[in-house]
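The structure file structure-v2.txt is reproduced below (compact mmCIF, C-alpha atoms and all ligand atoms).
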# COMPACT_ATOMS: atom_id res chain seq x y z
CA MET A 1 -130.45 24.99 -9.21
CA PRO A 2 -134.16 24.71 -10.11
CA GLU A 3 -135.44 21.47 -11.66
CA PRO A 4 -134.95 21.56 -15.43
CA ASP A 5 -138.41 21.79 -17.02
CA LEU A 6 -139.36 20.59 -20.45
CA HIS A 7 -139.90 24.00 -22.01
CA ARG A 8 -136.36 25.03 -21.19
CA LEU A 9 -134.92 22.02 -22.99
CA VAL A 10 -133.66 22.55 -26.49
CA ALA A 11 -132.74 19.74 -28.87
CA CYS A 12 -130.10 20.06 -31.56
CA GLU A 13 -131.89 19.87 -34.92
CA TYR A 14 -128.90 18.10 -36.45
CA CYS A 15 -127.82 15.44 -33.93
CA ASP A 16 -130.66 15.43 -31.32
CA ALA A 17 -128.37 16.30 -28.39
CA LEU A 18 -130.40 17.86 -25.53
CA TYR A 19 -129.43 21.04 -23.73
CA GLU A 20 -131.03 23.24 -21.11
CA ARG A 21 -131.54 26.78 -22.34
CA THR A 22 -129.47 29.52 -20.78
CA SER A 23 -129.84 33.24 -21.30
CA LEU A 24 -127.52 34.73 -23.86
CA ALA A 25 -126.07 38.22 -24.13
CA PRO A 26 -127.14 40.35 -27.12
CA GLY A 27 -125.63 39.04 -30.34
CA GLU A 28 -124.68 35.67 -28.84
CA ARG A 29 -125.63 32.38 -30.42
CA ALA A 30 -125.85 28.97 -28.79
CA THR A 31 -124.26 26.13 -30.75
CA CYS A 32 -124.25 22.35 -30.22
CA LEU A 33 -121.16 21.09 -28.40
CA ARG A 34 -121.26 17.79 -30.23
CA CYS A 35 -121.78 18.81 -33.86
CA GLY A 36 -121.46 22.61 -33.84
CA GLY A 37 -124.99 23.11 -35.25
CA ALA A 38 -126.88 26.31 -34.38
CA LEU A 39 -129.28 25.88 -31.42
CA TYR A 40 -130.82 29.30 -30.84
CA ARG A 41 -129.93 32.98 -30.82
CA GLU A 42 -130.26 35.64 -28.18
CA SER A 43 -133.65 37.10 -29.01
CA ALA A 44 -134.71 39.16 -25.99
CA HIS A 45 -133.94 42.30 -27.97
CA ALA A 46 -135.87 41.07 -30.98
CA TYR A 47 -138.74 40.00 -28.71
CA ARG A 48 -139.09 43.46 -27.16
CA ARG A 49 -139.27 44.97 -30.65
CA LEU A 50 -141.73 42.35 -31.88
CA LEU A 51 -145.08 43.82 -30.78
CA PRO A 52 -144.27 47.36 -32.06
CA LEU A 53 -143.06 45.70 -35.27
CA VAL A 54 -146.25 43.68 -35.75
CA THR A 55 -148.37 46.77 -34.98
CA THR A 56 -146.42 48.80 -37.55
CA ALA A 57 -146.85 46.00 -40.10
CA LEU A 58 -150.62 45.92 -39.49
CA ILE A 59 -150.93 49.70 -39.92
CA LEU A 60 -148.85 49.63 -43.13
CA PHE A 61 -150.93 46.70 -44.34
CA LEU A 62 -154.16 48.67 -43.76
CA ILE A 63 -152.77 51.74 -45.55
CA SER A 64 -151.50 49.60 -48.46
CA ASN A 65 -154.90 48.06 -48.90
CA THR A 66 -156.97 51.22 -48.37
CA TYR A 67 -155.32 53.47 -50.95
CA PRO A 68 -155.53 52.71 -54.68
CA ILE A 69 -152.50 50.90 -56.09
CA VAL A 70 -153.47 50.56 -59.74
CA GLU A 71 -155.38 52.55 -62.30
CA MET A 72 -157.28 50.55 -64.90
CA ASP A 73 -159.78 50.71 -67.69
CA LEU A 74 -163.03 49.07 -66.73
CA LYS A 75 -165.66 49.20 -69.48
CA GLY A 76 -164.09 52.34 -70.88
CA VAL A 77 -164.00 54.13 -67.54
CA ARG A 78 -160.59 54.83 -65.97
CA THR A 79 -160.75 53.86 -62.33
CA GLN A 80 -158.23 53.66 -59.54
CA THR A 81 -158.45 50.60 -57.37
CA THR A 82 -156.89 48.91 -54.38
CA LEU A 83 -155.04 45.58 -54.34
CA TRP A 84 -158.30 43.85 -53.46
CA GLY A 85 -159.96 45.57 -56.43
CA ALA A 86 -157.08 44.34 -58.61
CA VAL A 87 -157.63 40.78 -57.37
CA GLN A 88 -161.32 41.05 -58.31
CA ALA A 89 -160.39 42.47 -61.73
CA LEU A 90 -158.04 39.52 -62.35
CA GLN A 91 -160.84 37.16 -61.37
CA ALA A 92 -163.30 38.96 -63.66
CA ASP A 93 -160.74 38.68 -66.47
CA HIS A 94 -160.77 34.85 -66.11
CA MET A 95 -157.39 34.74 -64.38
CA THR A 96 -158.81 32.94 -61.35
CA LEU A 97 -155.61 31.07 -60.50
CA VAL A 98 -153.54 34.25 -60.62
CA ALA A 99 -156.20 36.07 -58.59
CA MET A 100 -156.07 33.33 -55.95
CA LEU A 101 -152.27 33.37 -55.88
CA VAL A 102 -152.14 37.14 -55.51
CA PHE A 103 -154.84 37.13 -52.83
CA ALA A 104 -153.10 34.38 -50.82
CA THR A 105 -149.57 35.78 -51.01
CA THR A 106 -150.28 39.49 -50.58
CA ILE A 107 -153.37 39.51 -48.37
CA LEU A 108 -154.28 36.19 -46.75
CA PHE A 109 -150.91 34.89 -45.49
CA PRO A 110 -149.36 38.16 -44.31
CA LEU A 111 -152.61 39.15 -42.58
CA SER A 112 -153.08 35.80 -40.83
CA GLU A 113 -149.46 35.79 -39.66
CA MET A 114 -149.81 39.34 -38.27
CA LEU A 115 -153.10 38.52 -36.55
CA MET A 116 -151.71 35.32 -35.01
CA MET A 117 -148.66 37.21 -33.75
CA CYS A 118 -150.92 39.92 -32.23
CA TYR A 119 -153.06 37.25 -30.62
CA LEU A 120 -149.98 35.87 -28.86
CA LEU A 121 -148.10 39.07 -28.14
CA VAL A 122 -150.85 41.27 -26.69
CA PRO A 123 -151.68 38.97 -23.71
CA MET A 124 -147.99 38.12 -23.35
CA ALA A 125 -147.12 41.78 -22.89
CA ARG A 126 -149.29 41.55 -19.76
CA LYS A 127 -147.55 38.29 -18.80
CA ARG A 128 -150.61 36.23 -19.60
CA MET A 129 -150.78 32.94 -21.44
CA PRO A 130 -153.07 33.25 -24.49
CA PRO A 131 -155.43 30.25 -24.83
CA GLY A 132 -154.35 27.84 -27.54
CA PHE A 133 -150.74 29.06 -27.46
CA ASP A 134 -149.34 25.75 -28.83
CA SER A 135 -151.64 25.55 -31.82
CA ILE A 136 -151.09 29.21 -32.76
CA VAL A 137 -147.28 28.82 -32.65
CA ARG A 138 -147.67 25.65 -34.76
CA GLY A 139 -149.99 27.56 -37.10
CA ILE A 140 -147.44 30.36 -37.55
CA ARG A 141 -144.69 27.84 -38.26
CA GLN A 142 -146.85 26.06 -40.81
CA THR A 143 -147.88 29.18 -42.70
CA ARG A 144 -144.33 30.56 -42.65
CA PRO A 145 -143.19 29.01 -45.93
CA TRP A 146 -146.16 30.72 -47.61
CA GLY A 147 -145.92 33.95 -45.67
CA MET A 148 -142.31 34.47 -46.64
CA ILE A 149 -141.21 37.81 -47.95
CA GLU A 150 -140.05 36.36 -51.29
CA VAL A 151 -143.49 34.88 -51.86
CA PHE A 152 -145.10 38.20 -50.92
CA MET A 153 -142.93 40.05 -53.43
CA ILE A 154 -143.64 37.50 -56.15
CA GLY A 155 -147.34 38.06 -55.47
CA VAL A 156 -146.95 41.83 -55.91
CA LEU A 157 -144.81 41.30 -59.02
CA VAL A 158 -147.33 38.91 -60.59
CA THR A 159 -150.10 41.45 -59.98
CA VAL A 160 -148.10 44.18 -61.70
CA VAL A 161 -147.11 41.99 -64.67
CA LYS A 162 -150.53 40.41 -65.16
CA LEU A 163 -152.31 43.73 -64.90
CA SER A 164 -149.82 45.63 -67.04
CA SER A 165 -151.99 45.19 -70.15
CA MET A 166 -155.05 46.69 -68.52
CA ALA A 167 -153.70 48.68 -65.61
CA GLN A 168 -150.94 51.02 -64.51
CA VAL A 169 -149.32 50.96 -61.09
CA LEU A 170 -149.86 54.23 -59.24
CA PRO A 171 -146.74 55.62 -57.59
CA GLY A 172 -148.81 56.76 -54.58
CA VAL A 173 -149.35 56.15 -50.88
CA ALA A 174 -150.22 52.46 -51.30
CA LEU A 175 -147.06 51.65 -53.28
CA TRP A 176 -144.71 53.36 -50.81
CA SER A 177 -146.54 51.80 -47.94
CA PHE A 178 -146.11 48.37 -49.60
CA GLY A 179 -142.39 49.06 -49.89
CA ALA A 180 -142.18 49.85 -46.17
CA LEU A 181 -144.31 46.80 -45.37
CA VAL A 182 -141.79 44.55 -47.15
CA VAL A 183 -139.02 45.84 -44.86
CA VAL A 184 -141.09 45.51 -41.67
CA LEU A 185 -142.35 42.04 -42.63
CA ALA A 186 -138.78 40.88 -43.29
CA ALA A 187 -137.78 41.99 -39.77
CA MET A 188 -140.85 40.33 -38.27
CA LEU A 189 -140.31 37.05 -40.12
CA SER A 190 -136.70 36.79 -38.95
CA PHE A 191 -138.12 35.98 -35.49
CA ASP A 192 -138.61 32.29 -34.70
CA PRO A 193 -142.05 31.89 -33.01
CA ARG A 194 -140.67 28.94 -31.02
CA ASP A 195 -138.63 31.47 -29.02
CA LEU A 196 -141.88 32.86 -27.61
CA TRP A 197 -142.04 29.86 -25.26
CA HIS A 198 -138.94 31.07 -23.59
CA TYR A 199 -140.37 34.50 -22.74
CA LEU A 200 -143.59 33.07 -21.45
CA GLU A 201 -141.78 30.62 -19.18
CA THR A 202 -139.32 33.18 -17.85
CA PRO A 203 -141.02 36.58 -17.84
CA ASP A 204 -137.91 38.20 -16.36
CA ALA A 205 -135.57 36.61 -18.87
CA ASP A 206 -134.38 40.07 -19.90
CA ASP A 207 -132.83 40.66 -16.50
CA VAL A 208 -131.09 37.31 -16.11
CA PRO A 209 -127.32 37.62 -16.54
CA PRO A 210 -125.69 35.78 -19.47
CA GLY A 211 -125.55 32.04 -18.85
CA SER A 212 -122.81 29.46 -18.97
CA PRO A 213 -120.24 30.08 -21.70
CA ASP A 214 -120.23 26.32 -22.52
CA ALA A 215 -123.37 26.54 -24.59
CA THR A 216 -122.42 29.76 -26.37
CA SER A 217 -119.92 30.67 -29.00
ZN ZN A 301 -125.72 18.73 -32.56
Once more with this new file: its structure as C-alpha cells, please.
Ligand SMILES: [Zn+2]
Amino acid sequence: MPEPDLHRLVACEYCDALYERTSLAPGERATCLRCGGALYRESAHAYRRLLPLVTTALILFLISNTYPIVEMDLKGVRTQTTLWGAVQALQADHMTLVAMLVFATTILFPLSEMLMMCYLLVPMARKRMPPGFDSIVRGIRQTRPWGMIEVFMIGVLVTVVKLSSMAQVLPGVALWSFGALVVVLAAMLSFDPRDLWHYLETPDADDVPPGSPDATS
C-alpha cells in the first residue's frame, strides 16, 4: 500500500472522522461509517463531461449576450438590445441597484465561474497543474452561492419585470440560448470543485477498480 497522502484524505463534514479516499464505481456514494453523513460521490464520469460542459456554457453565454434579448423605446426610437444594453438602460433609468444586481447575477458571476473552471480544466486535460490551483478552487467555492442557478434566474426575471414598462422580451436566439444556458449551468454547478484535487493527484483514477466496499454504500 502506498503512503496515505494528505490530498487523498477526506474528513466527514458532520463528525470530523477522517477517511482515505477510494475510487468508487459510477453512481456510488461514500458515506461516513460513524454518522452516516455523505462524504463524496463518484465523479469521474461528471469530471470527463466537465470541460465540454463548460465550453458549451461559454458558447451559449456568448450567443445569449451577442443577440438582442429585449426591444425598447429609447427617446422615441424602437431599438433591440442585448442583456448588457438592458443593464445600461436600467442604469440610465436611475435603477442603479437593479442594474448592478442584474449585471452581477447574469453576467459577472456566471462568466467568472466559467472562466475559472476553464483555467483549471484546460491544463488539467493535459495532466498539468495550473498555477494557483488552491486559490482558484477556493474562489469558485466562494462565488458559488452567488453563481447559483436560482440567483441567475432571479436576475433574468428581475430584468424582464423591471423592463416590462419600457421593453419587450424578444422570443429570439438570445432567449432560447439563455434557456439552454440555464440547463448547462445547472449541470456544471452540480460538480463540487473540491473533487478536482482527486483527478489531479491520480490522473489515472478512471482506470482504478472500485475501492473497498467499507467506505461505500
Ligand atoms: Zn461522520
*Counting all atoms listed in the file, what residues are within 10 Å of ligand ZN 301 (chain A), given as an NGL selection string?*
:A and (11-19 or 31-39)
*Computed interatomic separation between CA of Lys127 in chain A and CA of Val183 in chain A (Å)*: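 Separation between CA of Lys127 in chain A and CA of Val183 in chain A: 28.4 Å.
The two atoms in question, CA of Leu196 in chain A and CA of Leu115 in chain A, are spaced 15.4 Å apart.
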Output as CSV one row per residue of range 94-122 of chain A within 10 Å of range 144-166 of chain A: the closest atom pair and its distance in Å to one decimal place, counting only C-alpha atoms, sorted by chain and residue number ascending.
residue,atom,partner,partner_atom,distance
A:Met95,CA,A:Lys162,CA,8.9
A:Val98,CA,A:Val158,CA,7.8
A:Ala99,CA,A:Thr159,CA,8.3
A:Met100,CA,A:Gly155,CA,9.9
A:Leu101,CA,A:Gly155,CA,6.8
A:Val102,CA,A:Gly155,CA,4.9
A:Phe103,CA,A:Gly155,CA,8.0
A:Ala104,CA,A:Gly155,CA,8.3
A:Thr105,CA,A:Phe152,CA,5.1
A:Thr106,CA,A:Phe152,CA,5.3
A:Ile107,CA,A:Phe152,CA,8.8
A:Leu108,CA,A:Gly147,CA,8.7
A:Phe109,CA,A:Gly147,CA,5.1
A:Pro110,CA,A:Gly147,CA,5.6
A:Leu111,CA,A:Gly147,CA,9.0
A:Ser112,CA,A:Gly147,CA,8.8
A:Glu113,CA,A:Gly147,CA,7.2
A:Met114,CA,A:Gly147,CA,9.9
*Using all atoms listed in the file, which of A:Asp192, A:Ile140, A:Leu90, A:Leu181 sits nearest Ser64 in chain A?*
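When distances to Ser64 in chain A are compared using all atoms listed in the file, the smallest one comes from A:Leu181.
Distance annotation: of A:Val182, A:Pro193, A:Leu74, A:Arg48, the residue with the minimal separation from Phe133 in chain A is A:Pro193; atom set is only C-alpha atoms.
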*Which of these residues is nearest to Arg194 in chain A, using only C-alpha atoms: A:Ile136, A:Pro130, A:Gly85, A:His94?*
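The closest residue to Arg194 in chain A is A:Ile136.
Separating CA of Ala167 in chain A from CA of Val87 in chain A is a distance of 12.1 Å.
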*Would you kindly identify which residues have an atom no farther than 12 Å from (-150.1, 43.0, -37.7), using all atoms listed in the file and the file's own coordinates, and write them out as a PyMOL selection string?*
chain A and resi 50-62+107+109-122+181+184-185+188-189
Give me a file of those residues, with C-alpha atoms, as an mmCIF file, in the frame of the given file.
data_model
loop_
_atom_site.group_PDB
_atom_site.id
_atom_site.type_symbol
_atom_site.label_atom_id
_atom_site.label_comp_id
_atom_site.auth_asym_id
_atom_site.auth_seq_id
_atom_site.Cartn_x
_atom_site.Cartn_y
_atom_site.Cartn_z
ATOM 1 C CA LEU A 50 -141.730 42.350 -31.880
ATOM 2 C CA LEU A 51 -145.080 43.820 -30.780
ATOM 3 C CA PRO A 52 -144.270 47.360 -32.060
ATOM 4 C CA LEU A 53 -143.060 45.700 -35.270
ATOM 5 C CA VAL A 54 -146.250 43.680 -35.750
ATOM 6 C CA THR A 55 -148.370 46.770 -34.980
ATOM 7 C CA THR A 56 -146.420 48.800 -37.550
ATOM 8 C CA ALA A 57 -146.850 46.000 -40.100
ATOM 9 C CA LEU A 58 -150.620 45.920 -39.490
ATOM 10 C CA ILE A 59 -150.930 49.700 -39.920
ATOM 11 C CA LEU A 60 -148.850 49.630 -43.130
ATOM 12 C CA PHE A 61 -150.930 46.700 -44.340
ATOM 13 C CA LEU A 62 -154.160 48.670 -43.760
ATOM 14 C CA ILE A 107 -153.370 39.510 -48.370
ATOM 15 C CA PHE A 109 -150.910 34.890 -45.490
ATOM 16 C CA PRO A 110 -149.360 38.160 -44.310
ATOM 17 C CA LEU A 111 -152.610 39.150 -42.580
ATOM 18 C CA SER A 112 -153.080 35.800 -40.830
ATOM 19 C CA GLU A 113 -149.460 35.790 -39.660
ATOM 20 C CA MET A 114 -149.810 39.340 -38.270
ATOM 21 C CA LEU A 115 -153.100 38.520 -36.550
ATOM 22 C CA MET A 116 -151.710 35.320 -35.010
ATOM 23 C CA MET A 117 -148.660 37.210 -33.750
ATOM 24 C CA CYS A 118 -150.920 39.920 -32.230
ATOM 25 C CA TYR A 119 -153.060 37.250 -30.620
ATOM 26 C CA LEU A 120 -149.980 35.870 -28.860
ATOM 27 C CA LEU A 121 -148.100 39.070 -28.140
ATOM 28 C CA VAL A 122 -150.850 41.270 -26.690
ATOM 29 C CA LEU A 181 -144.310 46.800 -45.370
ATOM 30 C CA VAL A 184 -141.090 45.510 -41.670
ATOM 31 C CA LEU A 185 -142.350 42.040 -42.630
ATOM 32 C CA MET A 188 -140.850 40.330 -38.270
ATOM 33 C CA LEU A 189 -140.310 37.050 -40.120
#
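In this comparison, which uses all atoms listed in the file, the residue of A:Tyr47, A:Tyr67, A:Phe178, A:Trp84 approaching Ser190 in chain A most closely is A:Tyr47.
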Go ahead and fit an axis-aligned box to every listed atom of range 175-186 of chain A plus 6 Å each side, and pass me the centre and edge lengths in Å, one decimal, as JSON.
{"center_x": -142.9, "center_y": 47.1, "center_z": -47.5, "size_x": 20.3, "size_y": 24.5, "size_z": 23.6}
